[in-house]
Amino acid sequence: MGRSTVLVCVVLLAIPLVASVCNVGLGDRAKGDYLLRTVIFTNTTEHEPKKLTLTVVYQANVVLNEEITFFKVAGAVESCTITIPLPNDKNRVFLTMVSSSNVTEFSATLEVYGFRRGKTVTVI
């Protein structure tokens with residue numbers, strides 16, 4: 001088998017794996033960062049299945065002086081389209097997810113990693 005034939009076989013095998021993924025991670029984990037927050041987003045339809053959209057938004061807590069280093073989102077559908085606008089605020093997560101097929105429920109889990117550089121608040 002020639003080199004071009006092997007390359008075509010690898011590409012054909014890789015396409016279904018890429019197409020079936022509905023998750024993304026952005027940023028770089030840094031030494032000492034930790035999980036700041038886990039948030040679950042859900043959208044459902046009561047009627048027949050359709051393509052559903054999720055808008056995932058998270059803003060770092062200014063009072064706690066949070067700094068986001070990395071985030072990952074995992075969708076609970078077989079495949080989806082993820083749109084991430086050009087980020088102009090590194091301490092904000094904003095993206096849109098659209099299911100590729102018709103579903104009755106679409107959920108995604110957001111995990112945000114980073115630092116809290118502010119003073120610790122104690123509740124008595």
# chains A, B, ... in the order shown; residues from 1 in each chain; ligands from 1

call {"tool": "residues_around", "arguments": {"residues": "segment 43-52 of chain A", "least_positions_apart": "4", "cutoff": "7 Å", "atoms": "only C-alpha atoms", "output": "list in words"}}
result
Val98, Ser99, Ser100, Ser101, Asn102, Val103, Thr104, Glu105, Phe106 and Ser107 of chain A

call {"tool": "write_last_selection", "arguments": {"atoms": "N, CA and C atoms", "output": "CSV table (one decimal), in the first residue's frame"}}
result
chain,number,residue,atom,x,y,z
A,98,VAL,N,-25.2,23.6,19.4
A,98,VAL,CA,-26.4,23.2,18.7
A,98,VAL,C,-26.3,21.7,18.4
A,99,SER,N,-27.3,20.9,18.8
A,99,SER,CA,-27.3,19.5,18.5
A,99,SER,C,-27.3,19.2,17.0
A,100,SER,N,-26.6,18.3,16.5
A,100,SER,CA,-26.6,17.9,15.1
A,100,SER,C,-27.8,17.2,14.7
A,101,SER,N,-28.4,16.5,15.6
A,101,SER,CA,-29.6,15.7,15.3
A,101,SER,C,-30.8,16.2,16.1
A,102,ASN,N,-32.0,15.7,15.8
A,102,ASN,CA,-33.1,16.1,16.5
A,102,ASN,C,-33.2,15.3,17.9
A,103,VAL,N,-33.3,16.0,19.0
A,103,VAL,CA,-33.4,15.4,20.3
A,103,VAL,C,-34.5,16.1,21.1
A,104,THR,N,-34.8,15.4,22.2
A,104,THR,CA,-35.8,16.0,23.2
A,104,THR,C,-35.1,16.7,24.4
A,105,GLU,N,-33.8,16.3,24.6
A,105,GLU,CA,-33.1,17.0,25.7
A,105,GLU,C,-31.6,17.1,25.3
A,106,PHE,N,-31.1,18.2,25.6
A,106,PHE,CA,-29.7,18.5,25.3
A,106,PHE,C,-29.1,19.1,26.6
A,107,SER,N,-28.0,18.5,27.1
A,107,SER,CA,-27.4,19.1,28.3
A,107,SER,C,-25.9,19.1,28.1

call {"tool": "closest_residue", "arguments": {"among": "A:Asn61, A:Gly25, A:Met97, A:Tyr34", "to": "Val73 of chain A", "atoms": "only C-alpha atoms"}}
result
A:Gly25

call {"tool": "closest_residue", "arguments": {"among": "A:Val112, A:Asn91, A:Gly118, A:Thr69", "to": "Lys31 of chain A", "atoms": "only C-alpha atoms"}}
result
A:Thr69

call {"tool": "residues_around", "arguments": {"residues": "Asn23 of chain A", "least_positions_apart": "2", "cutoff": "10 Å", "atoms": "only C-alpha atoms", "output": "PDB file with N, CA and C atoms, in the first residue's frame"}}
result
ATOM      1  N   SER A  20     -18.363  12.764  15.871  1.00  0.00           N
ATOM      2  CA  SER A  20     -19.215  12.291  16.962  1.00  0.00           C
ATOM      3  C   SER A  20     -18.871  12.952  18.296  1.00  0.00           C
ATOM      4  N   VAL A  21     -17.979  13.914  18.294  1.00  0.00           N
ATOM      5  CA  VAL A  21     -17.564  14.568  19.529  1.00  0.00           C
ATOM      6  C   VAL A  21     -18.388  15.828  19.769  1.00  0.00           C
ATOM      7  N   GLY A  25     -12.327  22.110  25.008  1.00  0.00           N
ATOM      8  CA  GLY A  25     -11.592  22.673  26.126  1.00  0.00           C
ATOM      9  C   GLY A  25     -10.699  23.783  25.612  1.00  0.00           C
ATOM     10  N   LYS A  72     -13.585  23.403  30.171  1.00  0.00           N
ATOM     11  CA  LYS A  72     -14.005  22.360  29.235  1.00  0.00           C
ATOM     12  C   LYS A  72     -15.503  22.175  29.337  1.00  0.00           C
ATOM     13  N   VAL A  73     -16.099  21.889  28.184  1.00  0.00           N
ATOM     14  CA  VAL A  73     -17.537  21.665  28.095  1.00  0.00           C
ATOM     15  C   VAL A  73     -17.749  20.324  27.426  1.00  0.00           C
ATOM     16  N   ALA A  74     -18.598  19.502  28.017  1.00  0.00           N
ATOM     17  CA  ALA A  74     -18.924  18.198  27.440  1.00  0.00           C
ATOM     18  C   ALA A  74     -20.432  18.121  27.247  1.00  0.00           C
ATOM     19  N   GLY A  75     -20.858  17.975  25.995  1.00  0.00           N
ATOM     20  CA  GLY A  75     -22.268  17.853  25.671  1.00  0.00           C
ATOM     21  C   GLY A  75     -22.732  16.408  25.764  1.00  0.00           C
ATOM     22  N   ALA A  76     -23.981  16.219  26.142  1.00  0.00           N
ATOM     23  CA  ALA A  76     -24.539  14.882  26.325  1.00  0.00           C
ATOM     24  C   ALA A  76     -25.381  14.455  25.121  1.00  0.00           C
ATOM     25  N   VAL A  77     -24.881  14.737  23.920  1.00  0.00           N
ATOM     26  CA  VAL A  77     -25.495  14.252  22.688  1.00  0.00           C
ATOM     27  C   VAL A  77     -24.383  13.658  21.834  1.00  0.00           C
ATOM     28  N   SER A  79     -23.447  14.266  18.707  1.00  0.00           N
ATOM     29  CA  SER A  79     -22.634  15.261  18.013  1.00  0.00           C
ATOM     30  C   SER A  79     -23.333  16.615  18.052  1.00  0.00           C
ATOM     31  N   CYS A  80     -22.526  17.665  17.899  1.00  0.00           N
ATOM     32  CA  CYS A  80     -23.079  19.013  17.926  1.00  0.00           C
ATOM     33  C   CYS A  80     -22.113  19.965  17.234  1.00  0.00           C
ATOM     34  N   THR A  81     -22.598  21.177  17.011  1.00  0.00           N
ATOM     35  CA  THR A  81     -21.777  22.257  16.485  1.00  0.00           C
ATOM     36  C   THR A  81     -21.553  23.243  17.613  1.00  0.00           C
ATOM     37  N   ILE A  82     -20.287  23.607  17.818  1.00  0.00           N
ATOM     38  CA  ILE A  82     -19.940  24.543  18.886  1.00  0.00           C
ATOM     39  C   ILE A  82     -19.409  25.818  18.253  1.00  0.00           C
ATOM     40  N   MET A  97     -23.882  25.925  21.631  1.00  0.00           N
ATOM     41  CA  MET A  97     -23.852  24.538  21.168  1.00  0.00           C
ATOM     42  C   MET A  97     -25.200  24.222  20.532  1.00  0.00           C
ATOM     43  N   ALA A 108     -25.217  19.947  28.820  1.00  0.00           N
ATOM     44  CA  ALA A 108     -23.765  20.044  28.760  1.00  0.00           C
ATOM     45  C   ALA A 108     -23.242  20.401  30.142  1.00  0.00           C
ATOM     46  N   THR A 109     -22.066  19.881  30.456  1.00  0.00           N
ATOM     47  CA  THR A 109     -21.423  20.166  31.729  1.00  0.00           C
ATOM     48  C   THR A 109     -20.194  21.033  31.480  1.00  0.00           C
ATOM     49  N   LEU A 110     -20.140  22.168  32.167  1.00  0.00           N
ATOM     50  CA  LEU A 110     -19.018  23.093  32.089  1.00  0.00           C
ATOM     51  C   LEU A 110     -18.176  22.940  33.348  1.00  0.00           C
TER      52      LEU A 110
END
